[in-house]
$ cat work39.txt   # compact mmCIF, C-alpha atoms
# COMPACT_ATOMS: atom_id res chain seq x y z
CA MET P 1 16.17 155.29 174.60
CA ALA P 2 18.68 157.81 173.35
CA TYR P 3 20.75 159.70 175.86
CA SER P 4 21.66 163.29 175.15
CA GLU P 5 25.28 164.08 174.31
CA LYS P 6 25.71 165.77 177.67
CA VAL P 7 24.57 162.69 179.53
CA ILE P 8 26.97 160.54 177.53
CA ASP P 9 29.80 162.98 178.18
CA HIS P 10 29.23 162.92 181.95
CA TYR P 11 28.82 159.17 181.86
CA ASN P 12 32.07 158.61 179.99
CA ASN P 13 34.02 161.32 181.80
CA PRO P 14 32.36 161.68 185.17
CA ARG P 15 33.61 164.75 187.06
CA ASN P 16 34.63 164.58 190.67
CA ILE P 17 34.24 160.89 191.36
CA GLY P 18 35.59 160.00 194.75
CA THR P 19 35.35 160.32 198.47
CA LEU P 20 35.91 163.06 201.01
CA ASP P 21 36.63 162.29 204.64
CA LYS P 22 33.16 162.05 206.10
CA ASN P 23 34.50 162.46 209.64
CA LYS P 24 35.72 165.97 208.93
CA LYS P 25 33.61 168.75 210.33
CA GLU P 26 33.73 170.72 207.06
CA VAL P 27 32.47 167.77 205.04
CA GLY P 28 28.79 167.05 204.53
CA THR P 29 27.72 163.66 203.19
CA GLY P 30 24.44 162.80 201.53
CA LEU P 31 23.52 159.21 200.88
CA VAL P 32 20.28 158.59 199.04
CA GLY P 33 18.65 155.74 197.22
CA ALA P 34 16.15 155.33 194.42
CA PRO P 35 14.69 152.07 195.67
CA GLU P 36 12.52 151.71 192.60
CA CYS P 37 15.59 151.01 190.49
CA GLY P 38 18.08 149.93 193.14
CA ASP P 39 20.22 153.03 192.65
CA VAL P 40 22.40 154.43 195.38
CA MET P 41 24.10 157.83 195.30
CA ARG P 42 26.64 159.41 197.64
CA LEU P 43 27.38 163.08 197.30
CA GLN P 44 29.79 165.03 199.50
CA ILE P 45 30.66 168.67 199.88
CA GLU P 46 33.57 170.31 201.63
CA VAL P 47 32.90 173.82 202.84
CA ASP P 48 35.51 176.51 203.43
CA GLU P 49 34.93 177.48 207.03
CA VAL P 50 35.93 181.10 206.53
CA THR P 51 34.05 181.94 203.36
CA GLY P 52 31.20 179.44 203.55
CA ILE P 53 31.93 178.49 199.95
CA ILE P 54 31.87 174.88 198.79
CA LYS P 55 35.47 174.26 197.83
CA ASP P 56 35.18 170.63 196.84
CA ALA P 57 32.49 168.17 195.90
CA LYS P 58 32.68 164.46 195.19
CA PHE P 59 30.22 161.78 194.27
CA LYS P 60 29.87 158.10 193.72
CA THR P 61 26.76 156.68 192.11
CA PHE P 62 25.68 153.19 191.31
CA GLY P 63 22.84 153.55 188.89
CA CYS P 64 21.93 154.27 185.32
CA GLY P 65 23.65 156.75 183.01
CA SER P 66 21.22 159.53 183.90
CA ALA P 67 21.78 159.09 187.63
CA ILE P 68 25.54 159.21 187.13
CA ALA P 69 25.30 162.25 184.84
CA SER P 70 22.94 164.05 187.24
CA SER P 71 25.26 163.62 190.20
CA SER P 72 28.36 164.40 188.16
CA LEU P 73 26.76 167.64 186.95
CA ALA P 74 25.61 168.44 190.49
CA THR P 75 29.17 168.29 191.83
CA GLU P 76 30.33 170.60 189.04
CA TRP P 77 27.66 173.11 189.93
CA LEU P 78 28.28 172.86 193.67
CA LYS P 79 31.94 173.84 193.56
CA GLY P 80 32.39 177.53 194.16
CA LYS P 81 28.83 178.08 195.36
CA SER P 82 27.87 179.18 198.85
CA VAL P 83 25.90 176.66 200.84
CA ASP P 84 22.80 178.84 200.57
CA ASP P 85 23.08 179.06 196.80
CA ALA P 86 23.66 175.34 196.60
CA LEU P 87 20.30 174.82 198.26
CA LYS P 88 18.68 176.59 195.33
CA ILE P 89 19.79 173.98 192.82
CA ASP P 90 16.57 172.56 191.48
CA ASN P 91 16.18 169.17 189.89
CA MET P 92 14.53 170.80 186.88
CA ASP P 93 17.75 172.72 186.20
CA ILE P 94 19.49 169.36 185.91
CA VAL P 95 16.73 168.00 183.70
CA GLU P 96 17.09 170.97 181.40
CA GLU P 97 20.87 170.95 181.25
CA LEU P 98 21.07 167.22 180.52
CA ALA P 99 17.91 167.09 178.41
CA LEU P 100 16.62 164.18 180.47
CA PRO P 101 13.51 162.46 179.16
CA PRO P 102 10.46 162.27 181.47
CA VAL P 103 11.19 158.69 182.54
CA LYS P 104 14.58 159.81 183.87
CA ILE P 105 13.42 162.84 185.83
CA HIS P 106 13.62 160.85 189.06
CA CYS P 107 17.41 160.64 188.56
CA SER P 108 17.64 164.41 188.81
CA VAL P 109 15.37 164.33 191.87
CA LEU P 110 17.78 161.88 193.43
CA ALA P 111 20.67 164.27 192.79
CA GLU P 112 18.77 167.17 194.33
CA ASP P 113 17.89 165.04 197.36
CA ALA P 114 21.56 164.09 197.68
CA ILE P 115 22.61 167.77 197.63
CA LYS P 116 20.06 168.66 200.31
CA SER P 117 21.02 165.69 202.40
CA ALA P 118 24.74 166.57 202.17
CA ILE P 119 24.01 170.18 203.15
CA ASN P 120 21.90 169.06 206.09
CA ASP P 121 24.62 166.71 207.24
CA TYR P 122 27.06 169.62 207.11
CA ARG P 123 24.64 171.92 208.94
CA VAL P 124 23.92 169.45 211.71
CA LYS P 125 27.64 168.75 212.17
CA ASN P 126 28.19 172.46 212.60
CA GLY P 127 25.43 173.05 215.09
CA LEU P 128 22.83 174.38 212.67
CA ALA P 129 19.27 173.14 212.32
CA PRO P 130 18.59 171.00 209.26
CA ILE P 131 16.64 172.67 206.48
CA GLU P 132 13.12 171.34 206.13
CA ASP P 133 12.43 170.28 202.58
CA ASP P 134 9.42 172.35 201.59
CA LYS P 135 9.45 170.93 198.11
CA LYS P 136 8.27 167.42 198.69
CA HIS P 137 9.12 165.17 195.82
CA TYR P 138 6.98 162.47 197.18
CA MET M 1 -19.82 133.55 179.02
CA VAL M 2 -17.29 132.11 181.41
CA GLN M 3 -17.86 133.05 185.03
CA VAL M 4 -14.75 133.77 187.05
CA ASN M 5 -13.86 136.31 189.70
CA LEU M 6 -11.40 138.81 188.22
CA LYS M 7 -11.22 141.04 191.27
CA ASP M 8 -7.65 139.98 191.94
CA TYR M 9 -5.41 136.96 191.40
CA PHE M 10 -6.28 135.44 194.75
CA SER M 11 -10.03 135.63 194.16
CA PHE M 12 -9.49 134.22 190.70
CA TYR M 13 -8.20 130.98 192.24
CA GLU M 14 -10.71 131.15 195.12
CA LEU M 15 -7.92 131.75 197.59
CA SER M 16 -8.11 134.29 200.35
CA PRO M 17 -5.59 137.10 199.91
CA SER M 18 -2.74 136.15 202.20
CA PHE M 19 0.93 135.29 201.89
CA GLN M 20 0.54 131.72 203.08
CA ILE M 21 -1.37 129.90 200.40
CA ASP M 22 -1.97 126.28 199.63
CA SER M 23 0.26 125.85 196.60
CA SER M 24 -1.38 122.58 195.66
CA VAL M 25 -4.73 124.36 195.32
CA LEU M 26 -3.09 127.07 193.25
CA LYS M 27 -1.53 124.55 190.90
CA ARG M 28 -4.69 122.47 190.60
CA LYS M 29 -6.81 125.52 189.78
CA TYR M 30 -4.26 126.76 187.30
CA ILE M 31 -4.26 123.49 185.39
CA GLU M 32 -8.03 123.30 185.56
CA TYR M 33 -8.38 126.81 184.12
CA SER M 34 -5.73 126.13 181.49
CA LYS M 35 -7.90 123.35 180.12
CA GLN M 36 -11.16 125.22 180.56
CA PHE M 37 -9.90 128.38 178.84
CA HIS M 38 -8.20 126.66 175.94
CA PRO M 39 -9.13 128.79 172.91
CA ASP M 40 -8.96 125.82 170.53
CA LEU M 41 -12.12 124.44 172.10
CA HIS M 42 -14.18 127.14 170.43
CA LEU M 43 -12.77 127.54 166.96
CA ASP M 44 -16.23 128.31 165.59
CA ASP M 45 -16.97 131.18 167.93
CA ILE M 46 -14.66 134.17 167.43
CA GLN M 47 -16.03 136.15 170.33
CA MET M 48 -15.76 133.23 172.71
CA GLN M 49 -12.28 132.52 171.46
CA THR M 50 -11.13 136.08 172.15
CA GLU M 51 -12.58 135.91 175.61
CA LEU M 52 -10.84 132.64 176.32
CA MET M 53 -7.53 133.95 175.08
CA GLN M 54 -7.78 136.85 177.49
CA LEU M 55 -8.65 134.52 180.34
CA SER M 56 -5.77 132.23 179.44
CA ALA M 57 -3.37 135.14 179.53
CA TYR M 58 -4.79 136.26 182.86
CA ASN M 59 -4.49 132.74 184.21
CA ASN M 60 -0.84 132.49 183.19
CA LYS M 61 0.03 135.86 184.64
CA ALA M 62 -1.83 135.22 187.87
CA TYR M 63 -0.21 131.83 188.36
CA LYS M 64 3.26 133.14 187.66
CA THR M 65 2.74 135.97 190.16
CA LEU M 66 1.34 133.88 192.99
CA LYS M 67 3.65 130.92 192.56
CA GLU M 68 6.83 132.70 193.68
CA ASP M 69 7.18 134.06 197.22
CA ILE M 70 8.65 137.41 196.24
CA SER M 71 6.18 138.25 193.50
CA ARG M 72 3.29 137.02 195.65
CA ALA M 73 4.42 139.26 198.50
CA GLN M 74 4.74 142.21 196.11
CA TYR M 75 1.33 141.56 194.64
CA LEU M 76 -0.21 141.19 198.08
CA VAL M 77 1.13 144.51 199.28
CA ASP M 78 0.06 146.15 196.01
CA ILE M 79 -3.57 145.15 196.52
CA MET M 80 -3.76 145.35 200.31
CA HIS M 81 -1.74 148.47 200.93
CA PRO M 82 -1.18 150.37 197.68
CA THR M 83 1.14 153.39 197.85
CA ASP M 84 1.23 156.17 195.28
CA SER M 85 4.89 155.87 194.66
CA ASN M 86 7.84 153.95 195.96
CA HIS M 87 9.82 157.19 195.84
CA ALA M 88 8.01 158.00 199.06
CA ILE M 89 10.01 155.37 200.84
CA GLN M 90 13.54 156.07 201.97
CA LEU M 91 15.51 153.04 202.96
CA PRO M 92 17.49 153.02 206.20
CA GLN M 93 20.82 154.84 205.94
CA ASP M 94 22.81 151.86 207.18
CA PHE M 95 21.32 149.72 204.44
CA LEU M 96 22.21 152.28 201.77
CA MET M 97 25.70 152.46 203.25
CA GLU M 98 26.00 148.70 203.05
CA MET M 99 24.89 148.78 199.40
CA MET M 100 27.38 151.53 198.63
CA ASP M 101 30.23 149.59 200.23
CA PHE M 102 29.24 146.38 198.53
CA ASN M 103 29.08 148.06 195.13
CA GLU M 104 32.51 149.55 195.72
CA LEU M 105 33.88 146.12 196.57
CA ILE M 106 32.51 144.82 193.29
CA ASP M 107 34.20 147.74 191.50
CA GLU M 108 37.52 146.91 193.11
CA GLN M 109 37.12 143.32 192.15
CA ALA M 110 36.41 144.33 188.56
CA ILE M 111 39.72 146.18 188.42
CA GLU M 112 41.97 143.94 190.46
CA LYS M 113 40.62 140.61 189.30
CA THR M 114 41.75 138.90 192.48
CA ASP M 115 39.94 135.74 193.22
CA SER M 116 37.34 137.01 195.63
CA PHE M 117 34.38 136.37 193.37
CA GLY M 118 33.40 133.46 195.58
CA SER M 119 33.39 135.50 198.75
CA LEU M 120 31.45 138.37 197.14
CA ASN M 121 28.95 135.89 195.87
CA ASN M 122 28.62 134.22 199.26
CA THR M 123 28.08 137.51 201.05
CA CYS M 124 25.44 138.40 198.48
CA LEU M 125 23.69 135.07 198.95
CA GLU M 126 23.70 135.55 202.71
CA LEU M 127 22.16 138.99 202.34
CA LYS M 128 19.63 137.57 199.95
CA GLU M 129 18.56 134.89 202.40
CA GLN M 130 18.32 137.46 205.16
CA ILE M 131 16.07 139.77 203.12
CA LYS M 132 14.03 136.82 201.93
CA THR M 133 13.37 135.83 205.54
CA GLU M 134 12.33 139.40 206.31
CA ILE M 135 9.96 139.44 203.34
CA ASN M 136 8.44 136.16 204.49
CA GLU M 137 7.95 137.38 208.04
CA ASN M 138 6.59 140.79 207.10
CA ALA M 139 4.24 139.32 204.52
CA THR M 140 2.95 136.63 206.87
CA GLN M 141 2.38 139.14 209.65
CA GLU M 142 0.97 141.67 207.17
CA HIS M 143 3.28 144.46 208.25
CA TRP M 144 2.74 146.35 205.03
CA MET M 145 5.17 149.21 205.44
CA ALA M 146 7.96 146.92 206.59
CA LEU M 147 7.13 144.60 203.72
CA GLN M 148 7.42 147.44 201.19
CA ILE M 149 10.84 148.26 202.56
CA SER M 150 12.10 144.70 202.48
CA LEU M 151 10.80 144.26 198.93
CA LEU M 152 12.66 147.38 197.85
CA MET M 153 15.80 146.05 199.51
CA TRP M 154 15.32 142.92 197.46
CA ARG M 155 15.75 144.98 194.29
CA TYR M 156 19.11 146.18 195.51
CA ILE M 157 20.21 142.64 196.19
CA GLU M 158 19.10 141.47 192.77
CA ARG M 159 21.12 144.24 191.27
CA LEU M 160 24.21 143.31 193.28
CA GLU M 161 23.78 139.75 192.18
CA PHE M 162 23.56 140.82 188.57
CA ARG M 163 26.76 142.84 188.90
CA ILE M 164 28.61 140.00 190.61
CA HIS M 165 27.62 137.56 187.91
CA ALA M 166 28.64 140.00 185.21
CA LEU M 167 32.11 139.98 186.77
CA ASN M 168 32.53 136.29 186.42
$ encode --input "work39.txt" --output "structure tokens"
Amino acid sequence: MAYSEKVIDHYNNPRNIGTLDKNKKEVGTGLVGAPECGDVMRLQIEVDEVTGIIKDAKFKTFGCGSAIASSSLATEWLKGKSVDDALKIDNMDIVEELALPPVKIHCSVLAEDAIKSAINDYRVKNGLAPIEDDKKHY
Amino acid sequence: MVQVNLKDYFSFYELSPSFQIDSSVLKRKYIEYSKQFHPDLHLDDIQMQTELMQLSAYNNKAYKTLKEDISRAQYLVDIMHPTDSNHAIQLPQDFLMEMMDFNELIDEQAIEKTDSFGSLNNTCLELKEQIKTEINENATQEHWMALQISLLMWRYIERLEFRIHALN
């Protein structure tokens, strides 16, 4: 299967690989797995407490090229967004941007789940109710 | 026409669908069928030959699946408790965390090349045994949901194993 140039670019030069301090109140951590393929993805956001803007995002993914590219792209998109806008990131946006083939769509779903899970972790840490996922992927 | 039950692999070998099977019966039936379905026995009859080839292939696949514990457990859950998609299942957070940490250790090892291959491998083998025991228990007790989860965990372990061996 041929990967798109964008996938290869993110795979070779992943943006924002790393770890944020998960014990910090401003940091939300999402840890999700795609059990089908044995993939595991960690995505973290750090929110500016005053502005509510995501000032940093990091990820670490063990999985295929598409899973790495999806999470790398997600961190790029997250930085500078408000938490509410970040919630609007849809897996199909990732599919489109990276030109993922149908068999790799679940990688983008994983990235979206990771974003939501990181945001919920941040919300819960800061005394807010977690957002119910109305868009069930499964 | 050859009369066999093709409902599922267990029925095919006249076994009841359960995790604990008599492996000697399985092997005996497999060998019996292998002889019975040998396509060379009917070189004059094309239609019969085609049918036998299909049965032979089925026999091989069924035997291979039921012979090994893991694939038998997977097959059993697939027929007894089919789920639409494994995406529906989220593994426990602490397990995912463990997998993340383990993968990171393998990464470090890949860079530093210190001699901890043995210890990584041992930890992986321990985990593997642990999950294997869980699969055995869940399959024997027919706890389908728990079995699904432990089978999915197995995939993670296989992947870790693959990565560790690639290091060496």
$ interface_residues --input "work39.txt" --of "chain P" --to "chain M" --cutoff "12 Å" --atoms "only C-alpha atoms" --output "ChimeraX atom specification"
/P:18-19,29-43,59-64,106-107,109-110,113,117,136-138
$ write_last_selection --input "work39.txt" --atoms "C-alpha atoms" --output "tab-separated table (two decimals), keeping the file's coordinate frame"
chain	number	residue	atom	x	y	z
P	18	GLY	CA	35.59	160.00	194.75
P	19	THR	CA	35.35	160.32	198.47
P	29	THR	CA	27.72	163.66	203.19
P	30	GLY	CA	24.44	162.80	201.53
P	31	LEU	CA	23.52	159.21	200.88
P	32	VAL	CA	20.28	158.59	199.04
P	33	GLY	CA	18.65	155.74	197.22
P	34	ALA	CA	16.15	155.33	194.42
P	35	PRO	CA	14.69	152.07	195.67
P	36	GLU	CA	12.52	151.71	192.60
P	37	CYS	CA	15.59	151.01	190.49
P	38	GLY	CA	18.08	149.93	193.14
P	39	ASP	CA	20.22	153.03	192.65
P	40	VAL	CA	22.40	154.43	195.38
P	41	MET	CA	24.10	157.83	195.30
P	42	ARG	CA	26.64	159.41	197.64
P	43	LEU	CA	27.38	163.08	197.30
P	59	PHE	CA	30.22	161.78	194.27
P	60	LYS	CA	29.87	158.10	193.72
P	61	THR	CA	26.76	156.68	192.11
P	62	PHE	CA	25.68	153.19	191.31
P	63	GLY	CA	22.84	153.55	188.89
P	64	CYS	CA	21.93	154.27	185.32
P	106	HIS	CA	13.62	160.85	189.06
P	107	CYS	CA	17.41	160.64	188.56
P	109	VAL	CA	15.37	164.33	191.87
P	110	LEU	CA	17.78	161.88	193.43
P	113	ASP	CA	17.89	165.04	197.36
P	117	SER	CA	21.02	165.69	202.40
P	136	LYS	CA	8.27	167.42	198.69
P	137	HIS	CA	9.12	165.17	195.82
P	138	TYR	CA	6.98	162.47	197.18
$ axis_aligned_box --input "work39.txt" --around "stretch 73-79 of chain M" --padding-each-side "3 Å" --output "AutoDock Vina command-line options"
--center_x 0.6 --center_y 142.7 --center_z 197.0 --size_x 14.3 --size_y 12.9 --size_z 10.6
$ residues_near_point --input "work39.txt" --point "(-5.5, 135.9, 199.9)" --cutoff "12 Å" --atoms "all atoms listed in the file" --output "PyMOL selection string"
chain M and resi 7-22+26+66+72-73+75-77+79-80+139-140+142
$ closest_residue --input "work39.txt" --among "M:Asp45, M:Asp78, M:Glu126, M:Asp101" --to "M:Trp144" --atoms "only C-alpha atoms"
M:Asp78
$ atom_distance --input "work39.txt" --atom1 "atom CA of P:Ala57" --atom2 "atom CA of P:Ile94"
16.4 Å
$ closest_residue --input "work39.txt" --among "P:Pro102, P:Lys25, P:Val7, P:Val95" --to "P:Val124" --atoms "all atoms listed in the file"
P:Lys25
$ residues_around --input "work39.txt" --residues "P:Lys79" --least-positions-apart "5" --cutoff "8 Å" --atoms "only C-alpha atoms" --output "list in words"
Ile53, Ile54, Lys55, Asp56 and Ala57 of chain P
$ residues_around --input "work39.txt" --residues "P:Ile8" --least-positions-apart "6" --cutoff "10 Å" --atoms "all atoms listed in the file" --output "list in words"
Ala2, Pro14, Gly65, Ser66, Ile68, Ala69 and Leu98 of chain P
$ atom_distance --input "work39.txt" --atom1 "atom CA of M:Ser56" --atom2 "atom CA of M:Tyr33"
7.6 Å
$ atom_distance --input "work39.txt" --atom1 "atom CA of M:Glu108" --atom2 "atom CA of P:Asn23"
22.9 Å
$ decode --input "work39.txt" --residues "stretch 30-139 of chain M" --atoms "C-alpha atoms" --output "PDB file, in the first residue's frame"
ATOM      1  CA  TYR M  30      -7.748 -34.824  10.953  1.00  0.00           C
ATOM      2  CA  ILE M  31      -5.625 -37.681   9.664  1.00  0.00           C
ATOM      3  CA  GLU M  32      -8.710 -39.693   8.813  1.00  0.00           C
ATOM      4  CA  TYR M  33     -10.159 -36.818   6.786  1.00  0.00           C
ATOM      5  CA  SER M  34      -6.817 -36.124   5.132  1.00  0.00           C
ATOM      6  CA  LYS M  35      -6.887 -39.612   3.685  1.00  0.00           C
ATOM      7  CA  GLN M  36     -10.591 -39.571   2.904  1.00  0.00           C
ATOM      8  CA  PHE M  37     -10.460 -36.210   1.118  1.00  0.00           C
ATOM      9  CA  HIS M  38      -7.341 -36.891  -0.890  1.00  0.00           C
ATOM     10  CA  PRO M  39      -8.122 -35.506  -4.361  1.00  0.00           C
ATOM     11  CA  ASP M  40      -5.849 -38.020  -6.091  1.00  0.00           C
ATOM     12  CA  LEU M  41      -8.325 -40.758  -5.255  1.00  0.00           C
ATOM     13  CA  HIS M  42     -10.747 -39.428  -7.839  1.00  0.00           C
ATOM     14  CA  LEU M  43      -8.657 -38.400 -10.807  1.00  0.00           C
ATOM     15  CA  ASP M  44     -11.432 -39.425 -13.183  1.00  0.00           C
ATOM     16  CA  ASP M  45     -14.120 -37.276 -11.630  1.00  0.00           C
ATOM     17  CA  ILE M  46     -13.435 -33.540 -11.940  1.00  0.00           C
ATOM     18  CA  GLN M  47     -16.409 -32.471  -9.890  1.00  0.00           C
ATOM     19  CA  MET M  48     -15.599 -34.875  -7.090  1.00  0.00           C
ATOM     20  CA  GLN M  49     -11.988 -33.793  -7.203  1.00  0.00           C
ATOM     21  CA  THR M  50     -12.911 -30.131  -6.798  1.00  0.00           C
ATOM     22  CA  GLU M  51     -15.133 -30.969  -3.888  1.00  0.00           C
ATOM     23  CA  LEU M  52     -12.406 -32.971  -2.218  1.00  0.00           C
ATOM     24  CA  MET M  53      -9.884 -30.211  -2.690  1.00  0.00           C
ATOM     25  CA  GLN M  54     -12.194 -27.794  -0.933  1.00  0.00           C
ATOM     26  CA  LEU M  55     -12.752 -30.239   1.898  1.00  0.00           C
ATOM     27  CA  SER M  56      -9.021 -30.829   2.210  1.00  0.00           C
ATOM     28  CA  ALA M  57      -8.412 -27.119   2.489  1.00  0.00           C
ATOM     29  CA  TYR M  58     -11.164 -26.820   5.082  1.00  0.00           C
ATOM     30  CA  ASN M  59      -9.719 -29.742   7.005  1.00  0.00           C
ATOM     31  CA  ASN M  60      -6.260 -28.168   7.086  1.00  0.00           C
ATOM     32  CA  LYS M  61      -7.568 -24.803   8.158  1.00  0.00           C
ATOM     33  CA  ALA M  62      -9.840 -26.258  10.812  1.00  0.00           C
ATOM     34  CA  TYR M  63      -7.084 -28.420  12.258  1.00  0.00           C
ATOM     35  CA  LYS M  64      -4.596 -25.580  12.348  1.00  0.00           C
ATOM     36  CA  THR M  65      -7.133 -23.362  14.120  1.00  0.00           C
ATOM     37  CA  LEU M  66      -8.234 -25.853  16.747  1.00  0.00           C
ATOM     38  CA  LYS M  67      -4.806 -27.307  17.457  1.00  0.00           C
ATOM     39  CA  GLU M  68      -3.364 -24.188  19.113  1.00  0.00           C
ATOM     40  CA  ASP M  69      -4.828 -22.819  22.343  1.00  0.00           C
ATOM     41  CA  ILE M  70      -4.860 -19.185  21.289  1.00  0.00           C
ATOM     42  CA  SER M  71      -6.411 -19.668  17.872  1.00  0.00           C
ATOM     43  CA  ARG M  72      -8.922 -22.150  19.308  1.00  0.00           C
ATOM     44  CA  ALA M  73      -9.931 -19.629  21.970  1.00  0.00           C
ATOM     45  CA  GLN M  74     -10.265 -16.913  19.323  1.00  0.00           C
ATOM     46  CA  TYR M  75     -12.319 -19.162  17.083  1.00  0.00           C
ATOM     47  CA  LEU M  76     -14.521 -20.222  19.974  1.00  0.00           C
ATOM     48  CA  VAL M  77     -15.335 -16.663  20.956  1.00  0.00           C
ATOM     49  CA  ASP M  78     -15.932 -15.771  17.301  1.00  0.00           C
ATOM     50  CA  ILE M  79     -18.631 -18.421  16.939  1.00  0.00           C
ATOM     51  CA  MET M  80     -20.095 -18.323  20.449  1.00  0.00           C
ATOM     52  CA  HIS M  81     -20.061 -14.612  21.093  1.00  0.00           C
ATOM     53  CA  PRO M  82     -19.440 -12.691  17.872  1.00  0.00           C
ATOM     54  CA  THR M  83     -18.978  -8.924  18.181  1.00  0.00           C
ATOM     55  CA  ASP M  84     -19.367  -6.467  15.337  1.00  0.00           C
ATOM     56  CA  SER M  85     -16.010  -4.935  15.804  1.00  0.00           C
ATOM     57  CA  ASN M  86     -13.091  -5.157  18.155  1.00  0.00           C
ATOM     58  CA  HIS M  87     -12.915  -1.370  18.072  1.00  0.00           C
ATOM     59  CA  ALA M  88     -15.812  -1.535  20.499  1.00  0.00           C
ATOM     60  CA  ILE M  89     -13.511  -2.845  23.151  1.00  0.00           C
ATOM     61  CA  GLN M  90     -11.279  -0.500  25.086  1.00  0.00           C
ATOM     62  CA  LEU M  91      -8.558  -2.166  27.053  1.00  0.00           C
ATOM     63  CA  PRO M  92      -7.951  -1.201  30.679  1.00  0.00           C
ATOM     64  CA  GLN M  93      -5.948   2.011  31.064  1.00  0.00           C
ATOM     65  CA  ASP M  94      -3.327   0.392  33.264  1.00  0.00           C
ATOM     66  CA  PHE M  95      -2.695  -2.216  30.592  1.00  0.00           C
ATOM     67  CA  LEU M  96      -2.284   0.445  27.901  1.00  0.00           C
ATOM     68  CA  MET M  97       0.041   2.309  30.237  1.00  0.00           C
ATOM     69  CA  GLU M  98       2.093  -0.818  30.732  1.00  0.00           C
ATOM     70  CA  MET M  99       2.304  -1.303  26.959  1.00  0.00           C
ATOM     71  CA  MET M 100       3.337   2.306  26.475  1.00  0.00           C
ATOM     72  CA  ASP M 101       6.078   2.016  29.091  1.00  0.00           C
ATOM     73  CA  PHE M 102       7.286  -1.271  27.711  1.00  0.00           C
ATOM     74  CA  ASN M 103       7.471   0.099  24.184  1.00  0.00           C
ATOM     75  CA  GLU M 104       9.419   3.082  25.453  1.00  0.00           C
ATOM     76  CA  LEU M 105      11.877   0.763  27.187  1.00  0.00           C
ATOM     77  CA  ILE M 106      12.388  -1.048  23.906  1.00  0.00           C
ATOM     78  CA  ASP M 107      13.007   2.313  22.210  1.00  0.00           C
ATOM     79  CA  GLU M 108      15.623   3.224  24.789  1.00  0.00           C
ATOM     80  CA  GLN M 109      17.259  -0.114  24.336  1.00  0.00           C
ATOM     81  CA  ALA M 110      17.345   0.410  20.574  1.00  0.00           C
ATOM     82  CA  ILE M 111      19.278   3.642  21.067  1.00  0.00           C
ATOM     83  CA  GLU M 112      21.523   2.798  23.973  1.00  0.00           C
ATOM     84  CA  LYS M 113      22.318  -0.768  23.040  1.00  0.00           C
ATOM     85  CA  THR M 114      23.028  -1.692  26.630  1.00  0.00           C
ATOM     86  CA  ASP M 115      22.762  -5.336  27.337  1.00  0.00           C
ATOM     87  CA  SER M 116      19.246  -5.488  28.699  1.00  0.00           C
ATOM     88  CA  PHE M 117      17.822  -7.503  25.849  1.00  0.00           C
ATOM     89  CA  GLY M 118      17.654 -10.517  28.139  1.00  0.00           C
ATOM     90  CA  SER M 119      15.686  -8.730  30.809  1.00  0.00           C
ATOM     91  CA  LEU M 120      13.267  -7.178  28.292  1.00  0.00           C
ATOM     92  CA  ASN M 121      12.753 -10.571  26.785  1.00  0.00           C
ATOM     93  CA  ASN M 122      12.171 -12.176  30.175  1.00  0.00           C
ATOM     94  CA  THR M 123       9.629  -9.562  31.195  1.00  0.00           C
ATOM     95  CA  CYS M 124       7.858 -10.089  27.895  1.00  0.00           C
ATOM     96  CA  LEU M 125       7.803 -13.852  28.383  1.00  0.00           C
ATOM     97  CA  GLU M 126       6.390 -13.409  31.880  1.00  0.00           C
ATOM     98  CA  LEU M 127       3.645 -11.166  30.547  1.00  0.00           C
ATOM     99  CA  LYS M 128       2.967 -13.657  27.816  1.00  0.00           C
ATOM    100  CA  GLU M 129       2.542 -16.507  30.268  1.00  0.00           C
ATOM    101  CA  GLN M 130       0.275 -14.372  32.406  1.00  0.00           C
ATOM    102  CA  ILE M 131      -2.007 -13.470  29.486  1.00  0.00           C
ATOM    103  CA  LYS M 132      -1.953 -17.042  28.258  1.00  0.00           C
ATOM    104  CA  THR M 133      -3.192 -18.213  31.660  1.00  0.00           C
ATOM    105  CA  GLU M 134      -5.944 -15.601  31.527  1.00  0.00           C
ATOM    106  CA  ILE M 135      -6.978 -16.739  28.058  1.00  0.00           C
ATOM    107  CA  ASN M 136      -7.086 -20.341  29.252  1.00  0.00           C
ATOM    108  CA  GLU M 137      -9.180 -19.503  32.279  1.00  0.00           C
ATOM    109  CA  ASN M 138     -11.589 -17.204  30.476  1.00  0.00           C
ATOM    110  CA  ALA M 139     -12.024 -19.648  27.607  1.00  0.00           C
TER     111      ALA M 139
END
